[in-house]
>>> print(open('coords-v3.cif').read())   # mmCIF, C-alpha atoms
data_start
#
loop_
_atom_site.label_atom_id
_atom_site.label_comp_id
_atom_site.auth_asym_id
_atom_site.auth_seq_id
_atom_site.Cartn_x
_atom_site.Cartn_y
_atom_site.Cartn_z
CA MET A 584 -11.65 -2.19 2.87
CA THR A 585 -9.82 -1.29 -0.34
CA GLY A 586 -10.49 2.42 -0.66
CA ILE A 587 -13.38 4.10 -2.45
CA SER A 588 -14.08 2.96 -5.99
CA ALA A 589 -16.02 3.91 -9.10
CA GLY A 590 -16.57 2.08 -12.36
CA ASN A 591 -16.92 -1.61 -13.15
CA PHE A 592 -14.56 -4.56 -13.45
CA PRO A 593 -14.01 -5.66 -17.06
CA LYS A 594 -16.51 -8.49 -17.60
CA HIS A 595 -13.89 -11.10 -18.47
CA PHE A 596 -12.60 -10.96 -14.88
CA LEU A 597 -15.96 -12.08 -13.48
CA ARG A 598 -16.86 -15.66 -12.55
CA GLU A 599 -19.54 -17.60 -14.42
CA ASP A 600 -22.18 -16.05 -12.16
CA GLY A 601 -21.34 -12.66 -13.72
CA ARG A 602 -21.43 -11.00 -10.29
CA ARG A 603 -18.15 -11.68 -8.56
CA THR A 604 -14.47 -11.87 -9.36
CA ALA A 605 -13.94 -14.51 -6.64
CA THR A 606 -15.86 -16.18 -3.83
CA ALA A 607 -14.85 -15.83 -0.18
CA ASN A 608 -13.04 -19.16 -0.14
CA GLU A 609 -11.34 -18.54 -3.47
CA ARG A 610 -10.03 -15.28 -2.01
CA VAL A 611 -8.64 -17.14 0.99
CA LEU A 612 -6.67 -19.49 -1.25
CA LEU A 613 -5.47 -16.75 -3.59
CA GLU A 614 -4.29 -14.57 -0.71
CA LEU A 615 -2.58 -17.51 0.94
CA LEU A 616 -0.66 -18.29 -2.23
CA SER A 617 0.22 -14.61 -2.57
CA ARG A 618 1.65 -14.62 0.95
CA ILE A 619 3.48 -17.96 1.10
CA GLY A 620 4.24 -18.66 -2.55
CA PRO A 621 3.66 -21.94 -4.43
CA ALA A 622 1.95 -24.64 -2.38
CA SER A 623 0.42 -28.07 -2.92
CA ARG A 624 -3.25 -28.93 -2.49
CA ALA A 625 -2.32 -30.78 0.70
CA ASP A 626 -0.54 -27.67 1.99
CA LEU A 627 -3.63 -25.55 1.32
CA ALA A 628 -5.92 -28.06 3.03
CA ARG A 629 -3.69 -28.07 6.11
CA LEU A 630 -3.33 -24.30 6.29
CA THR A 631 -7.01 -23.46 5.72
CA GLY A 632 -8.59 -26.35 7.62
CA LEU A 633 -10.71 -27.21 4.56
CA ALA A 634 -11.21 -30.80 3.49
CA PRO A 635 -9.07 -31.97 0.53
CA HIS A 636 -12.14 -32.46 -1.66
CA SER A 637 -13.18 -28.85 -0.92
CA ILE A 638 -9.74 -27.61 -1.94
CA THR A 639 -10.11 -29.48 -5.22
CA ARG A 640 -13.55 -27.96 -5.83
CA LEU A 641 -12.09 -24.50 -5.21
CA ILE A 642 -8.95 -24.99 -7.27
CA GLU A 643 -10.47 -26.36 -10.46
CA PRO A 644 -12.38 -23.18 -11.49
CA LEU A 645 -9.31 -21.07 -10.72
CA LEU A 646 -7.21 -23.32 -12.95
CA THR A 647 -9.86 -23.12 -15.67
CA ARG A 648 -9.86 -19.31 -15.45
CA GLU A 649 -6.03 -19.45 -15.63
CA LEU A 650 -5.65 -17.50 -12.39
CA LEU A 651 -3.66 -20.45 -11.06
CA SER A 652 -1.24 -22.89 -12.64
CA GLU A 653 -0.19 -26.30 -11.34
CA SER A 654 3.30 -27.65 -11.82
CA THR A 655 4.28 -31.18 -12.77
CA PRO A 656 4.29 -33.37 -9.63
CA ILE A 657 7.73 -33.71 -8.03
CA ALA A 658 8.65 -36.63 -5.79
CA ALA A 659 9.98 -35.59 -2.37
CA GLY A 660 10.66 -38.56 -0.12
CA ARG A 661 7.95 -41.09 0.57
CA GLY A 662 4.37 -40.68 -0.52
CA LYS A 663 2.64 -39.41 -3.61
CA PRO A 664 4.54 -36.75 -5.58
CA SER A 665 3.08 -33.26 -5.01
CA ALA A 666 2.35 -30.58 -7.57
CA LYS A 667 2.66 -26.92 -6.63
CA LEU A 668 -0.04 -24.36 -7.30
CA SER A 669 1.04 -20.80 -8.19
CA LEU A 670 -0.59 -17.51 -9.07
CA VAL A 671 -0.43 -16.70 -12.79
CA GLY A 672 1.06 -13.24 -13.01
CA HIS A 673 -0.07 -12.40 -16.52
CA ALA A 674 -3.71 -13.24 -15.72
CA ALA A 675 -4.30 -9.76 -14.30
CA PHE A 676 -2.42 -6.60 -13.50
CA SER A 677 -3.20 -3.16 -12.13
CA VAL A 678 -1.84 0.37 -12.34
CA GLY A 679 -0.84 2.17 -9.17
CA LEU A 680 -0.53 5.95 -9.02
CA SER A 681 0.77 8.18 -6.26
CA VAL A 682 -0.25 11.80 -6.78
CA MET A 683 1.94 14.12 -4.70
CA THR A 684 2.25 17.88 -4.45
CA ASP A 685 5.20 17.89 -6.86
CA ALA A 686 5.26 14.56 -8.66
CA ILE A 687 3.41 11.50 -9.93
CA SER A 688 4.73 7.98 -9.42
CA LEU A 689 3.40 4.97 -11.30
CA VAL A 690 3.93 1.21 -11.15
CA LEU A 691 2.39 -1.84 -12.75
CA LEU A 692 1.72 -4.78 -10.43
CA ASN A 693 0.55 -8.21 -11.58
CA LEU A 694 -1.34 -10.98 -9.81
CA ALA A 695 1.88 -12.74 -8.77
CA GLY A 696 3.33 -9.58 -7.19
CA THR A 697 5.72 -8.64 -9.99
CA ILE A 698 6.38 -4.91 -10.35
CA ALA A 699 7.15 -3.35 -13.73
CA GLY A 700 6.76 -0.14 -15.71
CA VAL A 701 8.02 2.13 -12.93
CA ARG A 702 7.61 5.83 -13.70
CA ASN A 703 8.33 8.96 -11.64
CA GLU A 704 7.66 12.36 -13.17
CA ARG A 705 7.23 15.89 -11.96
CA LEU A 706 3.58 16.91 -11.93
CA ALA A 707 3.51 19.24 -14.91
CA ASP A 708 0.11 20.82 -14.16
CA ALA A 709 -2.09 20.12 -11.12
CA ALA A 710 -5.34 20.83 -12.98
CA ILE A 711 -7.34 17.61 -13.45
CA ALA A 712 -7.51 17.56 -17.27
CA PRO A 713 -3.78 18.06 -17.98
CA ALA A 714 -2.81 15.85 -15.04
CA CYS A 715 -4.96 13.02 -16.45
CA THR A 716 -3.40 13.56 -19.89
CA GLN A 717 0.01 13.15 -18.28
CA ILE A 718 -1.18 10.06 -16.37
CA ARG A 719 -2.60 8.41 -19.51
CA ALA A 720 0.72 8.94 -21.30
CA MET A 721 2.59 7.44 -18.34
CA ILE A 722 0.28 4.41 -18.29
CA ASP A 723 0.62 3.82 -22.04
CA ALA A 724 4.42 4.06 -21.89
CA ALA A 725 4.63 1.77 -18.85
CA ILE A 726 2.47 -0.95 -20.40
CA GLU A 727 4.33 -0.77 -23.70
CA ASP A 728 7.73 -0.95 -22.03
CA ALA A 729 6.65 -3.88 -19.84
CA GLY A 730 5.21 -5.73 -22.83
CA TRP A 731 2.11 -6.65 -20.83
CA ASP A 732 -1.27 -7.40 -22.41
CA ARG A 733 -3.58 -4.41 -21.92
CA ALA A 734 -6.58 -6.76 -21.87
CA ALA A 735 -5.30 -8.03 -18.50
CA LEU A 736 -5.60 -4.55 -16.94
CA LEU A 737 -7.94 -4.92 -13.97
CA GLY A 738 -8.13 -1.30 -12.87
CA ILE A 739 -6.25 1.68 -11.44
CA GLY A 740 -5.50 2.47 -7.82
CA VAL A 741 -4.73 6.07 -6.86
CA GLY A 742 -3.13 7.32 -3.66
CA VAL A 743 -3.51 11.07 -3.10
CA THR A 744 -1.98 13.12 -0.33
CA GLY A 745 -4.68 14.61 1.89
CA TYR A 746 -7.48 13.59 4.25
CA PHE A 747 -11.08 12.62 3.56
CA ILE A 748 -13.84 15.05 4.57
CA GLY A 749 -16.41 12.32 5.20
CA ASP A 750 -18.22 12.60 1.88
CA GLY A 751 -17.20 9.71 -0.40
CA ALA A 752 -13.89 10.18 -2.20
CA ARG A 753 -13.65 13.92 -1.55
CA LEU A 754 -10.18 14.67 -0.19
CA ASN A 755 -8.67 17.80 1.29
CA PRO A 756 -5.09 17.89 -0.05
CA PRO A 757 -2.38 20.54 0.42
CA ARG A 758 -2.76 23.82 -1.46
CA GLN A 759 -0.47 22.66 -4.29
CA LEU A 760 -3.21 20.19 -5.30
CA ASP A 761 -6.08 22.66 -5.06
CA PRO A 762 -7.80 21.35 -8.26
CA TRP A 763 -8.05 17.92 -6.57
CA ALA A 764 -9.69 19.28 -3.44
CA LEU A 765 -13.25 18.47 -2.32
CA ILE A 766 -14.34 16.79 -5.56
CA PRO A 767 -15.54 13.17 -6.08
CA LEU A 768 -12.17 11.90 -7.22
CA ASP A 769 -13.39 8.34 -7.79
CA THR A 770 -15.93 9.25 -10.47
CA VAL A 771 -13.87 12.15 -11.88
CA LEU A 772 -10.82 9.94 -12.42
CA SER A 773 -12.84 6.94 -13.62
CA ASP A 774 -14.49 9.10 -16.28
CA ALA A 775 -11.20 10.75 -17.27
CA LEU A 776 -9.12 7.54 -17.42
CA GLY A 777 -11.85 5.19 -18.65
CA ARG A 778 -11.17 2.48 -16.06
CA LYS A 779 -12.44 1.26 -12.72
CA ILE A 780 -10.73 3.42 -10.09
CA TRP A 781 -9.91 3.01 -6.40
CA VAL A 782 -8.96 6.11 -4.38
CA ASP A 783 -7.40 6.34 -0.93
CA ASN A 784 -4.95 8.65 0.79
CA ASP A 785 -1.25 8.07 0.38
CA GLY A 786 -0.61 6.81 3.90
CA ASN A 787 -3.31 4.16 3.70
CA VAL A 788 -2.18 2.83 0.33
CA ALA A 789 1.49 2.83 1.33
CA ALA A 790 0.59 0.63 4.31
CA VAL A 791 -1.25 -1.74 1.95
CA GLY A 792 1.82 -1.94 -0.29
CA GLU A 793 4.06 -2.65 2.69
CA ALA A 794 1.69 -5.43 3.78
CA MET A 795 1.67 -7.07 0.36
CA LEU A 796 5.33 -6.80 -0.65
CA GLY A 797 7.35 -5.32 2.21
CA ARG A 798 7.94 -5.74 5.94
CA GLY A 799 4.24 -6.41 6.46
CA ARG A 800 4.76 -9.93 5.13
CA GLU A 801 6.48 -10.67 8.45
CA VAL A 802 3.58 -9.58 10.71
CA ARG A 803 -0.19 -9.10 10.41
CA ASP A 804 -0.46 -5.96 12.60
CA PHE A 805 1.67 -2.89 12.02
CA ALA A 806 1.55 0.89 11.86
CA TYR A 807 3.09 2.74 8.93
CA LEU A 808 4.51 6.26 9.18
CA TYR A 809 4.39 8.07 5.85
CA PHE A 810 6.94 10.85 5.33
CA SER A 811 6.48 13.17 2.36
CA ALA A 812 5.61 16.85 1.93
CA GLY A 813 3.31 16.12 4.86
CA PHE A 814 3.30 13.47 7.56
CA GLY A 815 0.69 10.73 8.03
CA GLY A 816 0.41 7.01 7.80
CA GLY A 817 -1.79 3.95 7.90
CA VAL A 818 -2.63 0.97 10.07
CA MET A 819 -2.81 -2.68 9.01
CA CYS A 820 -4.81 -5.16 11.12
CA GLN A 821 -5.47 -8.88 10.72
CA GLU A 822 -8.15 -8.30 8.08
CA GLY A 823 -6.38 -5.55 6.15
CA PRO A 824 -6.18 -1.74 6.30
CA LEU A 825 -7.89 0.00 9.21
CA ARG A 826 -9.41 3.04 7.50
CA GLY A 827 -11.64 4.35 10.29
CA HIS A 828 -15.17 5.77 10.07
CA HIS A 829 -14.20 8.62 7.71
CA GLY A 830 -11.22 6.92 6.03
CA ASN A 831 -8.68 8.88 8.04
CA ALA A 832 -7.20 6.32 10.43
CA GLY A 833 -3.45 6.82 10.52
CA GLU A 834 -3.48 10.63 10.37
CA PHE A 835 -0.67 10.59 12.90
CA ALA A 836 0.22 14.27 12.41
CA SER A 837 -2.93 15.12 14.36
CA ILE A 838 -1.41 13.57 17.50
CA LEU A 839 0.99 16.51 17.75
CA PRO A 840 -0.13 19.58 19.71
CA ALA A 841 -0.20 22.94 17.94
CA GLY A 842 3.28 24.39 17.64
CA TRP A 843 5.13 21.06 17.75
CA PRO A 844 7.43 20.48 14.73
CA GLN A 845 5.84 18.36 12.02
CA PRO A 846 8.33 15.64 10.97
CA ASN A 847 7.80 16.04 7.24
CA LEU A 848 10.26 16.32 4.38
CA GLU A 849 9.10 19.79 3.32
CA THR A 850 10.41 21.09 6.66
CA LEU A 851 13.73 19.42 5.85
CA ARG A 852 13.81 21.07 2.41
CA ILE A 853 13.38 24.46 4.09
CA LEU A 854 16.23 23.72 6.52
CA PHE A 855 18.49 22.84 3.57
CA ALA A 856 17.62 26.23 2.02
CA GLU A 857 18.50 28.01 5.27
CA ASP A 858 21.92 26.38 5.05
CA GLY A 859 22.39 27.60 1.47
CA VAL A 860 21.37 24.41 -0.36
CA THR A 861 18.25 25.22 -2.34
CA TYR A 862 16.03 22.60 -3.96
CA PRO A 863 12.97 23.66 -5.99
CA ASP A 864 10.95 20.65 -4.78
CA LEU A 865 11.15 17.36 -2.88
CA HIS A 866 11.72 15.41 -6.08
CA THR A 867 15.02 17.28 -6.58
CA MET A 868 16.05 17.14 -2.91
CA LEU A 869 15.57 13.39 -2.65
CA ALA A 870 17.50 12.74 -5.86
CA ALA A 871 20.57 14.43 -4.32
CA PHE A 872 19.95 13.56 -0.67
CA ASP A 873 22.86 13.73 1.80
CA ALA A 874 21.88 12.14 5.13
CA GLU A 875 24.97 13.53 6.88
CA HIS A 876 24.35 17.20 6.05
CA ILE A 877 24.05 19.60 9.01
CA ALA A 878 20.49 20.41 7.92
CA VAL A 879 19.55 16.79 8.59
CA ASP A 880 21.01 17.04 12.10
CA ARG A 881 18.92 20.15 12.75
CA TRP A 882 15.80 18.42 11.41
CA LEU A 883 16.38 15.42 13.66
CA ASP A 884 16.96 17.62 16.73
CA ALA A 885 13.65 19.40 16.06
CA CYS A 886 11.53 16.42 15.02
CA ILE A 887 12.62 13.52 17.24
CA PRO A 888 10.48 14.72 20.21
CA SER A 889 7.47 14.79 17.87
CA LEU A 890 8.24 11.30 16.60
CA ASP A 891 8.76 10.06 20.15
CA LEU A 892 5.23 11.26 21.00
CA VAL A 893 3.73 9.73 17.83
CA VAL A 894 5.28 6.28 18.21
CA SER A 895 4.53 6.22 21.95
CA SER A 896 0.88 7.06 21.20
CA ILE A 897 0.71 4.33 18.55
CA PHE A 898 2.27 1.87 20.97
CA ALA A 899 -0.20 2.75 23.71
CA THR A 900 -3.36 2.73 21.59
CA LEU A 901 -2.75 0.11 18.90
CA ASP A 902 -0.11 -2.26 20.31
CA PRO A 903 1.26 -3.19 16.86
CA ALA A 904 3.98 -5.75 16.31
CA MET A 905 5.91 -3.31 14.14
CA ILE A 906 6.14 0.37 13.22
CA VAL A 907 7.42 0.96 9.69
CA LEU A 908 9.06 4.22 8.59
CA GLY A 909 8.38 4.81 4.92
CA GLY A 910 6.82 7.01 2.27
CA ARG A 911 9.45 9.10 0.51
CA LEU A 912 11.83 8.78 3.45
CA PRO A 913 15.39 7.93 2.33
CA LEU A 914 16.71 4.73 3.91
CA ALA A 915 19.71 6.51 5.43
CA LEU A 916 17.42 9.03 7.15
CA ALA A 917 15.10 6.26 8.38
CA GLN A 918 18.08 4.56 9.99
CA ARG A 919 19.15 7.77 11.71
CA ILE A 920 15.63 8.24 13.08
CA ILE A 921 15.53 4.67 14.41
CA GLU A 922 18.83 5.21 16.23
CA ARG A 923 17.39 8.16 18.17
CA ILE A 924 13.71 7.42 18.68
CA THR A 925 12.43 6.53 22.16
CA ILE A 926 9.14 4.90 23.14
CA THR A 927 7.59 5.82 26.49
CA ASN A 928 7.43 2.46 28.27
CA PRO A 929 7.87 2.60 32.05
CA GLU A 930 8.60 -0.65 33.84
CA ARG A 931 6.53 -2.30 36.54
CA ARG A 932 8.05 -4.96 38.82
CA GLY A 933 11.08 -4.78 36.58
CA VAL A 934 9.06 -5.62 33.45
CA HIS A 935 8.22 -3.41 30.46
CA ARG A 936 5.26 -3.87 28.13
CA PRO A 937 6.25 -5.70 24.92
CA ALA A 938 7.13 -2.95 22.45
CA PRO A 939 6.94 -2.94 18.66
CA ILE A 940 10.10 -3.06 16.61
CA ILE A 941 10.74 0.05 14.51
CA VAL A 942 12.05 -0.65 11.01
CA PRO A 943 12.56 1.11 7.68
CA SER A 944 10.27 0.18 4.82
CA GLY A 945 11.16 -3.00 2.97
CA LEU A 946 9.87 -1.67 -0.35
CA GLU A 947 12.05 -0.43 -3.14
CA GLY A 948 10.39 2.39 -5.01
CA ASP A 949 7.34 4.50 -4.25
CA ALA A 950 5.39 2.77 -1.49
CA ALA A 951 2.19 4.70 -2.21
CA ALA A 952 2.23 3.78 -5.90
CA ILE A 953 2.86 0.13 -5.06
CA GLY A 954 0.10 0.15 -2.47
CA ALA A 955 -2.27 1.89 -4.85
CA ALA A 956 -1.60 -0.84 -7.41
CA ALA A 957 -2.48 -3.42 -4.78
CA LEU A 958 -5.97 -1.96 -4.28
CA PRO A 959 -7.57 -3.37 -7.47
CA LEU A 960 -5.96 -6.79 -6.93
CA ARG A 961 -7.14 -6.90 -3.30
CA ALA A 962 -10.63 -5.83 -4.29
CA ALA A 963 -10.86 -8.51 -6.96
CA PHE A 964 -8.97 -11.50 -5.62
CA PHE A 965 -7.48 -11.10 -2.14
CA GLY A 966 -8.80 -10.47 1.36
CA ALA A 967 -12.32 -10.64 2.74
CA SER A 968 -15.33 -9.80 0.63
CA GLU A 969 -18.29 -8.40 2.54
CA SER A 970 -20.82 -10.20 0.35
CA ASP A 971 -19.26 -13.65 0.11
CA GLY A 972 -19.47 -14.99 3.66
CA THR A 973 -16.65 -16.68 5.58
CA ILE A 974 -14.33 -19.61 5.18
CA GLY A 975 -16.02 -23.01 5.43
CA ASP A 976 -16.99 -26.07 3.47
CA GLU A 977 -20.51 -24.72 2.93
CA ALA A 978 -19.38 -21.54 1.17
CA ILE A 979 -17.38 -22.97 -1.69
#
>>> encode(input="coords-v3.cif", output="structure tokens")
Amino acid sequence: MTGISAGNFPKHFLREDGRRTATANERVLLELLSRIGPASRADLARLTGLAPHSITRLIEPLLTRELLSESTPIAAGRGKPSAKLSLVGHAAFSVGLSVMTDAISLVLLNLAGTIAGVRNERLADAAIAPACTQIRAMIDAAIEDAGWDRAALLGIGVGVTGYFIGDGARLNPPRQLDPWALIPLDTVLSDALGRKIWVDNDGNVAAVGEAMLGRGREVRDFAYLYFSAGFGGGVMCQEGPLRGHHGNAGEFASILPAGWPQPNLETLRILFAEDGVTYPDLHTMLAAFDAEHIAVDRWLDACIPSLDLVVSSIFATLDPAMIVLGGRLPLALAQRIIERITITNPERRGVHRPAPIIVPSGLEGDAAAIGAAALPLRAAFFGASESDGTIGDEAI
């Protein structure tokens, strides 16, 4: 699953059949190259289990479409020199947007995983029309500064804080984003921005970004805790993001009983104000963040029991290899949390259940914007496609 989308792919990204951007087996190869980097045809045959002649049949159209390039063969010991296949970054890129209660973050992400055009601005006006005007200006400036070819723009991914109400792309965000509440954001944004749009909540898309470019490259199963004005997250499984029946898997704040402290950064901003350090919004607080301030100690004292319950619940129900602390969480604060957090894991016969490691995000920049940018690329070229079947020599 890659979120909820509206609009169409630009026609020049489609295969000769005019229906698909990539077949199931092409997606397998493209995702493999995205994960491991340049590889030879023999490497791909070994890793996928496909016959060498099938690899060749798959590779040739991708070379023709200039999604892949093949280097000059290099001799390495005995045997035939091998040429390496690589993703062609400039063949396609996407825009990723993270829409928060106080700010908008933007990145450009190309097919080879290169990030450019990073933007982070205060949200000038939450109403849809002026917000989209601001977003269009941010996109234009980012593409111009990066020097990328606009014709290679595949689409726009959008991560919005809030939860889905079970009716398409209608989200229920915090009150600061009231104009974005309970409307079909996929079609509204596609019409306003004139591009194919993917929409998901910020926790889900941040987990996708972590999987593609962060700590998720080390494991295939992990839970992601998203710290921002609110608190949520996402879950990545073998096949990609686990969204749940209504799109709300990873709403970890709901684990906490009523009255328990919510471990979000807005609570921390309020504690700073109580200690005489006033910030008008999270954007300002994070720009001047001091992880050793007494307000941070008070926040940790209040929130660690809540985080202990959340991570213990994740451990018990999902058994992930890793739990990632991310979102807008400063690295220094993530490290302080990791030092204090405790997972409930009683021993039996002197043995504990294998527990996940808890780590800070490996992404630099806004994880939700990066993950949002990954949505169009995943939908077009990576991961499973529900209509294309499964890996095998018959489905080339």
>>> closest_residue(input="coords-v3.cif", among="A:Gly632, A:Gly620, A:Gly833, A:Gly679", to="Ile953 (chain A)", atoms="all atoms listed in the file")
A:Gly679
>>> closest_residue(input="coords-v3.cif", among="A:Ile642, A:Leu848, A:Ala885, A:Leu960", to="Ala735 (chain A)", atoms="only C-alpha atoms")
A:Leu960
>>> closest_residue(input="coords-v3.cif", among="A:Phe596, A:Pro913, A:Pro959, A:Ser588", to="Asn693 (chain A)", atoms="all atoms listed in the file")
A:Pro959
>>> resolve_selection(input="coords-v3.cif", expression="the PyMOL selection byres ((chain A and resi 947-951) around 6)", output="PyMOL selection string")
chain A and resi 681+785+788-789+910+946+952-955
>>> write_last_selection(input="coords-v3.cif", atoms="C-alpha atoms", output="PDB file, keeping the file's coordinate frame")
ATOM      1  CA  SER A 681       0.770   8.180  -6.260  1.00  0.00           C
ATOM      2  CA  ASP A 785      -1.250   8.070   0.380  1.00  0.00           C
ATOM      3  CA  VAL A 788      -2.180   2.830   0.330  1.00  0.00           C
ATOM      4  CA  ALA A 789       1.490   2.830   1.330  1.00  0.00           C
ATOM      5  CA  GLY A 910       6.820   7.010   2.270  1.00  0.00           C
ATOM      6  CA  LEU A 946       9.870  -1.670  -0.350  1.00  0.00           C
ATOM      7  CA  ALA A 952       2.230   3.780  -5.900  1.00  0.00           C
ATOM      8  CA  ILE A 953       2.860   0.130  -5.060  1.00  0.00           C
ATOM      9  CA  GLY A 954       0.100   0.150  -2.470  1.00  0.00           C
ATOM     10  CA  ALA A 955      -2.270   1.890  -4.850  1.00  0.00           C
TER      11      ALA A 955
END
>>> resolve_selection(input="coords-v3.cif", expression="the PyMOL selection byres ((chain A and resi 711) around 9)", output="VMD selection string")
chain A and resid 708 to 710 712 to 716 762 to 763 771 to 772 775
>>> resolve_selection(input="coords-v3.cif", expression="the PyMOL selection byres ((chain A and resi 845) around 7)", output="MDAnalysis selection string")
chainID A and resid 836 843:844 846:847 886
>>> residues_around(input="coords-v3.cif", residues="Pro621 (chain A)", least_positions_apart="4", cutoff="12 Å", atoms="all atoms listed in the file", output="JSON, numbers by chain")
{"A": [612, 613, 614, 615, 616, 617, 625, 626, 627, 651, 652, 653, 654, 665, 666, 667, 668, 669, 670, 671, 695]}
>>> residues_around(input="coords-v3.cif", residues="Ala899 (chain A)", least_positions_apart="4", cutoff="12 Å", atoms="only C-alpha atoms", output="compact mmCIF listing (two decimals) with C-alpha atoms, in the frame of the given file")
# COMPACT_ATOMS: atom_id res chain seq x y z
CA LEU A 892 5.23 11.26 21.00
CA VAL A 893 3.73 9.73 17.83
CA VAL A 894 5.28 6.28 18.21
CA SER A 895 4.53 6.22 21.95
CA PRO A 903 1.26 -3.19 16.86
CA ILE A 926 9.14 4.90 23.14
CA THR A 927 7.59 5.82 26.49
CA ASN A 928 7.43 2.46 28.27
CA PRO A 929 7.87 2.60 32.05
CA ARG A 936 5.26 -3.87 28.13
CA PRO A 937 6.25 -5.70 24.92
CA ALA A 938 7.13 -2.95 22.45
CA PRO A 939 6.94 -2.94 18.66
>>> residues_around(input="coords-v3.cif", residues="region 688-690 of chain A", least_positions_apart="6", cutoff="12 Å", atoms="only C-alpha atoms", output="ChimeraX atom specification")
/A:676-682,696-706,717-726,728-729,739-743,785,792,866,910-911,947-957
>>> closest_residue(input="coords-v3.cif", among="A:Leu597, A:Ala870, A:Ile587, A:Ala856", to="Leu737 (chain A)", atoms="only C-alpha atoms")
A:Leu597
>>> decode(input="coords-v3.cif", residues="region 836-848 of chain A", atoms="N, CA, C and O atoms", output="compact mmCIF listing (two decimals), in the first residue's frame")
# COMPACT_ATOMS: atom_id res chain seq x y z
N ALA A 836 -0.55 6.54 20.06
CA ALA A 836 -1.07 7.35 21.16
C ALA A 836 -2.32 6.72 21.77
O ALA A 836 -2.59 6.90 22.97
N SER A 837 -3.06 5.96 20.97
CA SER A 837 -4.29 5.36 21.46
C SER A 837 -4.05 4.21 22.44
O SER A 837 -4.99 3.74 23.09
N ILE A 838 -2.81 3.75 22.54
CA ILE A 838 -2.47 2.72 23.53
C ILE A 838 -2.59 3.28 24.94
O ILE A 838 -2.93 2.56 25.89
N LEU A 839 -2.38 4.58 25.10
CA LEU A 839 -2.29 5.18 26.44
C LEU A 839 -3.69 5.40 27.02
O LEU A 839 -4.56 5.97 26.36
N PRO A 840 -3.90 4.98 28.26
CA PRO A 840 -5.19 5.24 28.92
C PRO A 840 -5.43 6.74 29.08
O PRO A 840 -4.49 7.55 29.10
N ALA A 841 -6.69 7.10 29.23
CA ALA A 841 -7.05 8.51 29.46
C ALA A 841 -6.33 9.02 30.70
O ALA A 841 -6.26 8.35 31.74
N GLY A 842 -5.76 10.22 30.57
CA GLY A 842 -5.07 10.83 31.69
C GLY A 842 -3.58 10.59 31.71
O GLY A 842 -2.86 11.27 32.46
N TRP A 843 -3.09 9.61 30.92
CA TRP A 843 -1.65 9.40 30.86
C TRP A 843 -1.02 10.50 30.01
O TRP A 843 -1.60 10.93 29.00
N PRO A 844 0.19 10.97 30.36
CA PRO A 844 0.84 12.01 29.56
C PRO A 844 1.11 11.54 28.13
O PRO A 844 1.59 10.43 27.91
N GLN A 845 0.78 12.39 27.17
CA GLN A 845 1.08 12.10 25.78
C GLN A 845 2.50 12.58 25.48
O GLN A 845 2.81 13.76 25.69
N PRO A 846 3.37 11.70 25.00
CA PRO A 846 4.78 12.09 24.78
C PRO A 846 4.97 12.84 23.46
O PRO A 846 5.67 12.39 22.56
N ASN A 847 4.35 14.01 23.38
CA ASN A 847 4.49 14.80 22.15
C ASN A 847 5.29 16.06 22.42
O ASN A 847 5.53 16.45 23.58
N LEU A 848 5.70 16.73 21.35
CA LEU A 848 6.58 17.89 21.49
C LEU A 848 5.82 19.15 21.85
O LEU A 848 6.41 20.11 22.36
